[in-house]
file structure38.csv (CSV, C-alpha atoms)
chain,number,residue,atom,x,y,z
A,752,MET,CA,0.0,0.0,0.0
A,753,THR,CA,3.0,2.3,-0.2
A,754,ASP,CA,2.8,5.0,-2.8
A,755,ALA,CA,3.9,3.9,-6.3
A,756,GLY,CA,7.6,4.6,-6.7
A,757,ALA,CA,8.2,4.8,-2.9
A,758,PRO,CA,11.3,3.0,-1.8
A,759,THR,CA,10.8,-0.5,-0.4
A,760,TRP,CA,13.0,-2.3,2.2
A,761,ARG,CA,16.2,-3.8,0.9
A,762,LEU,CA,17.5,-7.0,2.5
A,763,PRO,CA,20.9,-7.0,4.1
A,764,PRO,CA,23.4,-9.7,2.9
A,765,ARG,CA,22.4,-13.3,3.7
A,766,TRP,CA,25.2,-13.8,6.2
A,767,VAL,CA,23.8,-11.0,8.3
A,768,LEU,CA,20.4,-12.6,8.5
A,769,LEU,CA,22.0,-15.9,9.2
A,770,VAL,CA,23.9,-14.5,12.2
A,771,ALA,CA,20.8,-12.7,13.5
A,772,VAL,CA,18.7,-15.8,13.3
A,773,LEU,CA,21.5,-17.9,14.9
A,774,SER,CA,21.6,-15.4,17.7
A,775,ILE,CA,17.8,-15.8,18.3
A,776,VAL,CA,18.2,-19.6,18.1
A,777,ALA,CA,21.0,-19.6,20.6
A,778,ALA,CA,18.8,-17.4,22.9
A,779,GLU,CA,15.9,-19.8,22.6
A,780,VAL,CA,18.1,-22.8,23.2
A,781,GLY,CA,19.8,-21.0,26.2
A,782,GLY,CA,16.4,-20.2,27.7
A,783,GLY,CA,15.2,-23.8,27.2
A,784,ALA,CA,18.4,-25.2,28.7
A,785,MET,CA,18.2,-22.8,31.7
A,786,ALA,CA,14.7,-24.1,32.5
A,787,ARG,CA,15.4,-27.8,31.7
A,788,PHE,CA,18.8,-28.1,33.3
A,789,LYS,CA,18.5,-25.6,36.1
A,790,VAL,CA,19.5,-28.1,38.8
A,791,GLU,CA,22.4,-29.5,36.8
A,792,LEU,CA,23.7,-26.0,36.0
A,793,THR,CA,23.4,-24.9,39.6
A,794,ARG,CA,25.2,-28.0,40.8
A,795,TRP,CA,28.0,-27.6,38.2
A,796,ALA,CA,28.5,-24.0,39.3
A,797,ARG,CA,28.4,-24.8,43.0
A,798,ASP,CA,30.9,-27.7,42.6
A,799,GLY,CA,33.2,-25.4,40.7
A,800,MET,CA,33.1,-22.8,43.4
A,801,LEU,CA,33.6,-25.3,46.2
A,802,ALA,CA,36.7,-26.6,44.3
A,803,ARG,CA,38.2,-23.1,44.5
A,804,PRO,CA,37.5,-21.8,48.0
A,805,GLY,CA,40.3,-19.2,47.8
A,806,VAL,CA,38.9,-17.6,44.7
A,807,HIS,CA,35.5,-17.1,46.3
A,808,GLY,CA,36.7,-16.2,49.8
A,809,LEU,CA,35.1,-19.3,51.3
A,810,VAL,CA,36.3,-19.7,54.9
A,811,GLY,CA,35.0,-23.1,55.9
A,812,VAL,CA,32.2,-21.7,58.1
A,813,ARG,CA,28.9,-23.0,56.8
A,814,ASP,CA,26.8,-19.9,57.6
A,815,VAL,CA,29.3,-17.5,55.9
A,816,ASP,CA,30.1,-19.8,52.9
A,817,GLU,CA,26.5,-20.4,52.1
A,818,ARG,CA,25.8,-16.7,51.8
A,819,ILE,CA,28.7,-16.3,49.5
A,820,LEU,CA,27.7,-19.2,47.4
A,821,ASP,CA,24.1,-18.0,47.2
A,822,GLU,CA,25.2,-14.6,46.0
A,823,ALA,CA,27.5,-16.1,43.3
A,824,LEU,CA,24.8,-18.5,42.2
A,825,VAL,CA,22.3,-15.7,41.8
A,826,LYS,CA,24.8,-13.8,39.6
A,827,PHE,CA,25.5,-17.1,37.7
A,828,ASP,CA,21.7,-17.4,37.0
A,829,ALA,CA,21.4,-13.7,36.1
A,830,GLY,CA,24.2,-14.1,33.5
A,831,LEU,CA,22.3,-16.9,31.8
A,832,ARG,CA,19.0,-15.0,31.9
A,833,LEU,CA,20.7,-11.8,30.5
A,834,PHE,CA,22.2,-13.9,27.7
A,835,HIS,CA,18.8,-15.3,26.8
A,836,MET,CA,17.2,-11.8,26.8
A,837,HIS,CA,20.0,-10.0,25.0
A,838,ALA,CA,20.6,-12.6,22.3
A,839,GLU,CA,16.8,-12.5,21.4
A,840,GLY,CA,16.7,-8.8,21.5
A,841,MET,CA,20.0,-8.2,19.6
A,842,GLY,CA,19.0,-10.8,16.9
A,843,LEU,CA,15.9,-8.6,16.2
A,844,VAL,CA,18.0,-5.4,16.4
A,845,ILE,CA,20.4,-6.8,13.8
A,846,ILE,CA,17.6,-7.6,11.4
A,847,ALA,CA,15.9,-4.2,11.8
A,848,THR,CA,18.9,-2.0,11.8
A,849,SER,CA,20.7,-3.8,9.0
A,850,MET,CA,17.6,-3.4,6.8
A,851,VAL,CA,17.5,0.3,7.5
A,852,ALA,CA,21.2,0.5,6.7
A,853,ALA,CA,20.8,-1.6,3.5
A,854,THR,CA,17.9,0.7,2.4
A,855,VAL,CA,19.1,4.1,3.4
A,856,ILE,CA,22.9,4.3,3.0
A,857,GLN,CA,23.9,4.8,-0.6
A,858,ARG,CA,27.7,4.7,-0.3
A,859,ALA,CA,28.8,1.0,-0.4
A,860,VAL,CA,31.8,1.4,1.9
A,861,ALA,CA,29.8,3.1,4.7
A,862,ARG,CA,26.9,0.7,4.2
A,863,ARG,CA,29.2,-2.4,4.5
A,864,ALA,CA,31.0,-1.0,7.5
A,865,ILE,CA,27.9,-0.1,9.4
A,866,ILE,CA,26.2,-3.4,8.6
A,867,ALA,CA,29.3,-5.3,9.7
A,868,LEU,CA,29.6,-3.4,12.9
A,869,LEU,CA,25.9,-3.9,13.7
A,870,THR,CA,26.1,-7.6,13.0
A,871,VAL,CA,29.4,-8.4,14.8
A,872,GLY,CA,28.6,-6.1,17.7
A,873,GLY,CA,25.0,-7.3,18.1
A,874,ALA,CA,25.8,-11.0,17.9
A,875,GLY,CA,28.9,-10.8,20.0
A,876,TYR,CA,27.7,-8.7,22.9
A,877,PRO,CA,25.2,-11.2,24.4
A,878,VAL,CA,28.0,-13.9,24.5
A,879,GLY,CA,29.6,-11.8,27.2
A,880,TYR,CA,26.8,-12.7,29.6
A,881,LEU,CA,27.3,-16.4,28.8
A,882,ALA,CA,31.1,-16.0,29.3
A,883,TRP,CA,30.5,-14.2,32.6
A,884,SER,CA,28.4,-17.0,34.0
A,885,ALA,CA,30.7,-19.7,32.7
A,886,LEU,CA,33.7,-17.9,34.3
A,887,ILE,CA,32.2,-17.3,37.7
A,888,PRO,CA,33.0,-20.7,39.2
A,889,ALA,CA,36.7,-20.5,38.1
A,890,TYR,CA,37.5,-16.8,38.6
A,891,GLY,CA,35.0,-15.4,41.1
A,892,LEU,CA,32.4,-12.7,40.7
A,893,GLU,CA,34.6,-9.6,40.1
A,894,ARG,CA,37.3,-11.1,38.0
A,895,SER,CA,34.9,-13.0,35.7
A,896,LYS,CA,33.0,-9.7,35.2
A,897,ALA,CA,36.1,-7.8,34.4
A,898,ILE,CA,37.2,-10.5,31.9
A,899,ALA,CA,33.7,-10.5,30.2
A,900,GLU,CA,33.7,-6.7,30.2
A,901,TRP,CA,37.0,-6.1,28.6
A,902,LEU,CA,37.0,-9.1,26.2
A,903,VAL,CA,33.4,-9.0,25.1
A,904,TRP,CA,31.0,-6.2,26.4
A,905,VAL,CA,33.3,-3.2,25.8
A,906,PRO,CA,34.5,-4.1,22.2
A,907,PHE,CA,31.2,-5.6,20.9
A,908,GLY,CA,29.0,-3.1,22.8
A,909,THR,CA,31.1,-0.2,21.5
A,910,ALA,CA,30.8,-1.6,17.9
A,911,THR,CA,27.0,-1.6,18.2
A,912,ILE,CA,26.7,1.8,19.7
A,913,VAL,CA,29.1,3.4,17.1
A,914,ALA,CA,27.2,1.7,14.3
A,915,LEU,CA,23.8,2.8,15.6
A,916,TRP,CA,24.8,6.4,16.0
A,917,GLY,CA,26.5,6.2,12.5
A,918,LEU,CA,23.2,4.9,11.2
A,919,VAL,CA,21.3,7.7,12.9
A,920,GLY,CA,23.6,10.2,11.2
A,921,CYS,CA,23.1,8.6,7.8
A,922,VAL,CA,19.3,8.5,8.1
A,923,ALA,CA,19.3,12.2,9.2
A,924,TRP,CA,21.7,13.1,6.4
A,925,THR,CA,19.4,11.3,3.8
A,926,MET,CA,16.3,13.1,5.1
A,927,LEU,CA,18.1,16.5,4.9
A,928,ALA,CA,19.5,15.7,1.4
A,929,ARG,CA,16.0,14.7,0.2
A,930,ARG,CA,14.5,17.9,1.6
A,931,ARG,CA,17.1,20.0,-0.1
A,932,ALA,CA,16.6,18.3,-3.5
B,1122,MET,CA,15.4,5.2,20.1
B,1123,LEU,CA,17.5,2.0,19.6
B,1124,ALA,CA,20.7,4.1,19.7
B,1125,LEU,CA,19.6,5.9,22.9
B,1126,GLY,CA,18.5,2.5,24.5
B,1127,GLU,CA,21.9,1.0,23.7
B,1128,THR,CA,23.8,4.0,25.0
B,1129,ALA,CA,21.8,4.1,28.2
B,1130,GLY,CA,22.6,0.4,28.7
B,1131,ALA,CA,26.4,1.1,28.3
B,1132,ALA,CA,26.2,4.1,30.6
B,1133,MET,CA,24.4,2.1,33.3
B,1134,SER,CA,27.1,-0.5,33.2
B,1135,ARG,CA,30.2,1.7,32.9
B,1136,LEU,CA,29.1,4.7,35.0
B,1137,LYS,CA,27.2,2.9,37.8
B,1138,PRO,CA,29.2,4.5,40.7
B,1139,GLU,CA,29.0,8.0,39.1
B,1140,ILE,CA,25.3,7.6,38.6
B,1141,GLU,CA,24.7,6.4,42.1
B,1142,ARG,CA,26.8,9.3,43.5
B,1143,TYR,CA,24.9,11.9,41.4
B,1144,ALA,CA,21.5,10.4,42.4
B,1145,ALA,CA,22.5,10.5,46.1
B,1146,ALA,CA,23.7,14.1,45.8
B,1147,ARG,CA,20.4,15.1,44.1
B,1148,VAL,CA,18.4,13.4,46.9
B,1149,ALA,CA,20.5,15.2,49.5
B,1150,ALA,CA,19.9,18.5,47.7
B,1151,ASN,CA,16.1,18.0,47.9
B,1152,PRO,CA,15.5,16.9,51.5
B,1153,GLY,CA,12.0,18.4,51.7
B,1154,ALA,CA,10.8,16.5,48.6
B,1155,HIS,CA,12.0,13.2,50.0
B,1156,GLY,CA,10.5,13.8,53.5
B,1157,PHE,CA,13.8,13.6,55.4
B,1158,SER,CA,13.2,13.5,59.1
B,1159,GLY,CA,16.7,14.1,60.5
B,1160,SER,CA,16.9,10.5,61.7
B,1161,ALA,CA,20.0,9.1,60.0
B,1162,GLU,CA,18.6,5.5,59.8
B,1163,TYR,CA,15.3,6.6,58.3
B,1164,ASP,CA,16.9,9.1,55.9
B,1165,ASP,CA,19.4,6.5,54.7
B,1166,GLU,CA,16.5,4.1,53.9
B,1167,VAL,CA,14.6,6.9,52.0
B,1168,ARG,CA,17.8,7.8,50.1
B,1169,GLU,CA,18.5,4.2,49.1
B,1170,ARG,CA,14.9,3.7,47.9
B,1171,ALA,CA,15.0,6.9,45.8
B,1172,VAL,CA,18.4,6.0,44.2
B,1173,PHE,CA,17.1,2.5,43.5
B,1174,THR,CA,14.0,3.9,41.8
B,1175,ALA,CA,16.1,6.3,39.7
B,1176,GLU,CA,18.4,3.5,38.6
B,1177,ALA,CA,15.3,1.4,37.8
B,1178,GLY,CA,14.1,4.3,35.6
B,1179,LEU,CA,17.3,4.2,33.6
B,1180,SER,CA,17.1,0.4,33.4
B,1181,PHE,CA,13.5,0.6,32.1
B,1182,PHE,CA,14.6,3.2,29.6
B,1183,HIS,CA,17.3,0.8,28.2
B,1184,LEU,CA,14.8,-2.1,28.0
B,1185,HIS,CA,11.9,-0.1,26.6
B,1186,GLY,CA,14.1,2.0,24.2
B,1187,GLU,CA,15.3,-1.2,22.5
B,1188,GLY,CA,11.9,-2.9,22.6
B,1189,VAL,CA,9.7,0.0,21.5
B,1190,GLY,CA,12.3,0.9,18.8
B,1191,LEU,CA,11.8,-2.5,17.3
B,1192,VAL,CA,8.0,-2.4,17.7
B,1193,LEU,CA,7.9,1.0,16.0
B,1194,PHE,CA,10.1,-0.4,13.1
B,1195,PHE,CA,8.1,-3.5,12.4
B,1196,ALA,CA,4.6,-1.8,13.0
B,1197,SER,CA,5.4,1.1,10.7
B,1198,SER,CA,6.6,-1.3,8.0
B,1199,LEU,CA,3.3,-3.1,8.3
B,1200,VAL,CA,1.4,0.2,8.1
B,1201,ALA,CA,3.3,1.1,4.9
B,1202,ALA,CA,2.5,-2.4,3.4
B,1203,VAL,CA,-1.2,-2.9,4.3
B,1204,VAL,CA,-3.0,0.3,5.2
B,1205,PRO,CA,-4.8,2.0,2.3
B,1206,GLY,CA,-5.2,5.7,2.1
B,1207,ARG,CA,-2.5,8.3,2.7
B,1208,ARG,CA,-4.4,10.0,5.5
B,1209,SER,CA,-4.9,6.8,7.5
B,1210,ARG,CA,-1.2,5.9,7.1
B,1211,ALA,CA,-0.2,9.4,8.2
B,1212,ALA,CA,-2.4,9.2,11.3
B,1213,LEU,CA,-1.0,5.7,12.2
B,1214,TYR,CA,2.6,6.9,11.6
B,1215,ALA,CA,2.0,9.9,13.9
B,1216,LEU,CA,0.5,7.7,16.6
B,1217,LEU,CA,3.2,5.1,16.4
B,1218,THR,CA,5.9,7.8,16.4
B,1219,LEU,CA,4.4,9.4,19.5
B,1220,GLY,CA,4.3,6.0,21.0
B,1221,GLY,CA,7.9,5.6,20.2
B,1222,LEU,CA,8.7,8.4,22.6
B,1223,PHE,CA,7.2,6.3,25.5
B,1224,PRO,CA,10.6,5.2,26.8
B,1225,LEU,CA,11.7,8.8,27.4
B,1226,GLY,CA,9.1,8.7,30.2
B,1227,TYR,CA,11.4,6.4,32.1
B,1228,LEU,CA,14.3,8.9,31.8
B,1229,VAL,CA,11.9,11.6,33.2
B,1230,TYR,CA,10.8,9.1,35.9
B,1231,GLY,CA,14.4,8.6,37.0
B,1232,ALA,CA,15.2,12.3,37.1
B,1233,ALA,CA,11.8,13.4,38.6
B,1234,VAL,CA,12.1,10.9,41.5
B,1235,LEU,CA,15.4,12.5,42.5
B,1236,GLU,CA,14.1,16.1,42.2
B,1237,LEU,CA,10.5,15.8,43.4
B,1238,GLY,CA,10.5,12.7,45.7
B,1239,ARG,CA,9.6,9.2,44.9
B,1240,ASP,CA,5.8,9.3,44.7
B,1241,ALA,CA,5.5,12.8,43.1
B,1242,GLY,CA,8.2,11.9,40.5
B,1243,VAL,CA,6.6,8.6,39.5
B,1244,GLU,CA,3.2,10.3,39.3
B,1245,LEU,CA,4.6,13.1,37.1
B,1246,ALA,CA,6.2,10.7,34.6
B,1247,GLU,CA,3.2,8.4,34.5
B,1248,ARG,CA,0.6,11.2,34.1
B,1249,TRP,CA,2.4,13.4,31.6
B,1250,ILE,CA,4.6,11.0,29.6
B,1251,LEU,CA,4.1,7.3,30.1
B,1252,ALA,CA,0.3,7.4,29.9
B,1253,PRO,CA,-0.2,9.7,26.9
B,1254,PHE,CA,2.6,8.2,24.8
B,1255,GLY,CA,1.7,4.7,25.9
B,1256,LEU,CA,-1.9,5.4,24.8
B,1257,ALA,CA,-0.7,6.7,21.4
B,1258,ALA,CA,1.3,3.5,20.9
B,1259,ILE,CA,-1.7,1.4,21.8
B,1260,ALA,CA,-4.1,3.4,19.6
B,1261,GLY,CA,-1.6,3.1,16.7
B,1262,LEU,CA,-1.3,-0.7,17.1
B,1263,VAL,CA,-5.1,-1.1,17.5
B,1264,GLY,CA,-5.5,1.0,14.3
B,1265,LEU,CA,-3.0,-1.3,12.5
B,1266,ALA,CA,-4.8,-4.4,13.8
B,1267,PHE,CA,-8.1,-3.0,12.6
B,1268,ALA,CA,-6.6,-2.4,9.1
B,1269,LEU,CA,-5.2,-5.9,9.0
B,1270,ALA,CA,-8.6,-7.4,10.1
B,1271,ARG,CA,-10.4,-5.3,7.4
B,1272,ARG,CA,-8.0,-6.6,4.8
B,1273,ARG,CA,-8.8,-10.2,5.6
B,1274,LEU,CA,-12.5,-9.7,5.4
call {"tool": "encode", "arguments": {"input": "structure38.csv", "output": "C-alpha cells"}}
result
Amino acid sequence: MTDAGAPTWRLPPRWVLLVAVLSIVAAEVGGGAMARFKVELTRWARDGMLARPGVHGLVGVRDVDERILDEALVKFDAGLRLFHMHAEGMGLVIIATSMVAATVIQRAVARRAIIALLTVGGAGYPVGYLAWSALIPAYGLERSKAIAEWLVWVPFGTATIVALWGLVGCVAWTMLARRRA
Amino acid sequence: MLALGETAGAAMSRLKPEIERYAAARVAANPGAHGFSGSAEYDDEVRERAVFTAEAGLSFFHLHGEGVGLVLFFASSLVAAVVPGRRSRAALYALLTLGGLFPLGYLVYGAAVLELGRDAGVELAERWILAPFGLAAIAGLVGLAFALARRRL
C-alpha cells in the first residue's frame, strides 16, 4: 500500500540474516536449557566454586560460605538470563537496523562498514553474559565480570553503539538531502 | 530510540558508581521533597529507595528503548505495506511515532524521582509522559490491527 515509486525495504546480505537468526536460536536454546537443566547447571557452578574456595573467599564456616555461594549462584543465574534476553533482542535489532542501513545508506563502503559493525557487535555482545556465567566458578564474581567486560562487552557493545549512531547520522543526512533536493 | 537505548545500557554499566553518586547528591539536595526526618537511619533508607528507583528508571529506559524501537520499526513497516489511504497511514505513523517516545518517560521518571521525591516523581512521569505516549502507541497498534482485520474480510 506504499505509494507507487516509494522506496521499499532492501534486505541486508544473507550472512547478516543468518547471524541474526542464529543469535535468536541460541537465545531460545539457552532459555530452554536454563529451565530444563536448572538443577544440573546450579550443581555444576556450585561444585566449581567449592573446588576453588580461595577464589570465592570461602572460609569453611557454613553460615558464611552459604551466603557467598548463594550470591554467586544468583549472579550465575542472572548471567544466563541476561544472555537469553539480550541474544533474542539483539537478533531482532540486527535484522531491523541492517535493513535500515541496506535501504538508506547509498555509499557502499559506509553501508558495509555499518552493517558489519551492527552484526558483529550485536551478535557478540550477548555472548559476554554467557562467558560471565561460565567464568564465575573458576574466577569469582569480580574477576569474571572484568574478563567479560574487557573481552566482550566493551568491544562488541562499542561496535554496536558506534554503528547505531552512525546509522542515525546517515538517516538524518538522507532526510536533509531529500528535503534540499 | 534504539541508539539511545543501547547508549543508556552502556552508561548504566560503565558509569554505575558515578550515577549512584549523582543520584544520592540530588536526593540530599532536595531533603523536603523526600521527606527527610533528620533521623539518619530513616533518611538513609529513604535515600536508598530513591536512588534504587532512579536506577530502575534508567534500566527501564534501556529495556523499553530497545523494545519500543523494534515495535515501531516493524509496525510502521506493516502500516506502509497494508494500510490503504494516505491520511490513514499518516495518522498511524503519527500515533506510532508518538508511542515511540514512550521510553523517554522512564528517563523523566528517574530524574523526577530525584528532584520531586519518589511518589511525586513517579506520578509526574506516569501522568504526563508514560500514559499519553503509551496510549498513542496502543491506539496506533489497534488501528493497525483494525486495518489488518479489514484486509482479511
call {"tool": "interface_residues", "arguments": {"input": "structure38.csv", "of": "chain A", "to": "chain B", "cutoff": "8 Å", "atoms": "all atoms listed in the file", "output": "VMD selection string"}}
result
chain A and resid 752 to 753 840 843 to 844 847 908 911 to 912 915 to 916 919
call {"tool": "atom_distance", "arguments": {"input": "structure38.csv", "atom1": "CA of Arg930 in chain A", "atom2": "CA of Ile845 in chain A"}}
result
28.2 Å
call {"tool": "residues_around", "arguments": {"input": "structure38.csv", "residues": "Gly1242 in chain B", "least_positions_apart": "4", "cutoff": "8 Å", "atoms": "all atoms listed in the file", "output": "list in words"}}
result
Tyr1230, Gly1231, Ala1232, Ala1233, Val1234, Leu1235, Glu1236, Leu1237, Gly1238 and Ala1246 of chain B
call {"tool": "residues_around", "arguments": {"input": "structure38.csv", "residues": "Thr1174 in chain B", "least_positions_apart": "3", "cutoff": "12 Å", "atoms": "all atoms listed in the file", "output": "MDAnalysis selection string"}}
result
chainID B and resid 1141 1144:1145 1148 1167:1171 1177:1181 1227:1235 1238:1240 1242:1243
call {"tool": "closest_residue", "arguments": {"input": "structure38.csv", "among": "A:Ala910, A:Val922, A:Val780, A:Ala928", "to": "Ala874 in chain A", "atoms": "only C-alpha atoms"}}
result
A:Ala910
call {"tool": "residues_around", "arguments": {"input": "structure38.csv", "residues": "range 888-898 of chain A", "least_positions_apart": "2", "cutoff": "8 Å", "atoms": "only C-alpha atoms", "output": "number ranges by chain"}}
result
A: 796-797, 799-800, 803, 806-807, 823, 826, 883-886, 900-903
call {"tool": "write_last_selection", "arguments": {"input": "structure38.csv", "atoms": "C-alpha atoms", "output": "CSV table (one decimal), keeping the file's coordinate frame"}}
result
chain,number,residue,atom,x,y,z
A,796,ALA,CA,28.5,-24.0,39.3
A,797,ARG,CA,28.4,-24.8,43.0
A,799,GLY,CA,33.2,-25.4,40.7
A,800,MET,CA,33.1,-22.8,43.4
A,803,ARG,CA,38.2,-23.1,44.5
A,806,VAL,CA,38.9,-17.6,44.7
A,807,HIS,CA,35.5,-17.1,46.3
A,823,ALA,CA,27.5,-16.1,43.3
A,826,LYS,CA,24.8,-13.8,39.6
A,883,TRP,CA,30.5,-14.2,32.6
A,884,SER,CA,28.4,-17.0,34.0
A,885,ALA,CA,30.7,-19.7,32.7
A,886,LEU,CA,33.7,-17.9,34.3
A,900,GLU,CA,33.7,-6.7,30.2
A,901,TRP,CA,37.0,-6.1,28.6
A,902,LEU,CA,37.0,-9.1,26.2
A,903,VAL,CA,33.4,-9.0,25.1
call {"tool": "residues_around", "arguments": {"input": "structure38.csv", "residues": "Leu1213 in chain B", "least_positions_apart": "6", "cutoff": "8 Å", "atoms": "only C-alpha atoms", "output": "ChimeraX atom specification"}}
result
/B:1200,1261,1264-1265
call {"tool": "residues_around", "arguments": {"input": "structure38.csv", "residues": "range 757-772 of chain A", "least_positions_apart": "4", "cutoff": "9 Å", "atoms": "all atoms listed in the file", "output": "list in words"}}
result
Thr753, Val776, Ala777, Ala838, Glu839, Met841, Gly842, Leu843, Val844, Ile845, Ile846, Ser849, Met850, Val851, Ala852, Ala853, Thr854, Val855, Ile866, Ala867, Thr870, Val871, Gly873 and Ala874 of chain A; Ser1198 of chain B
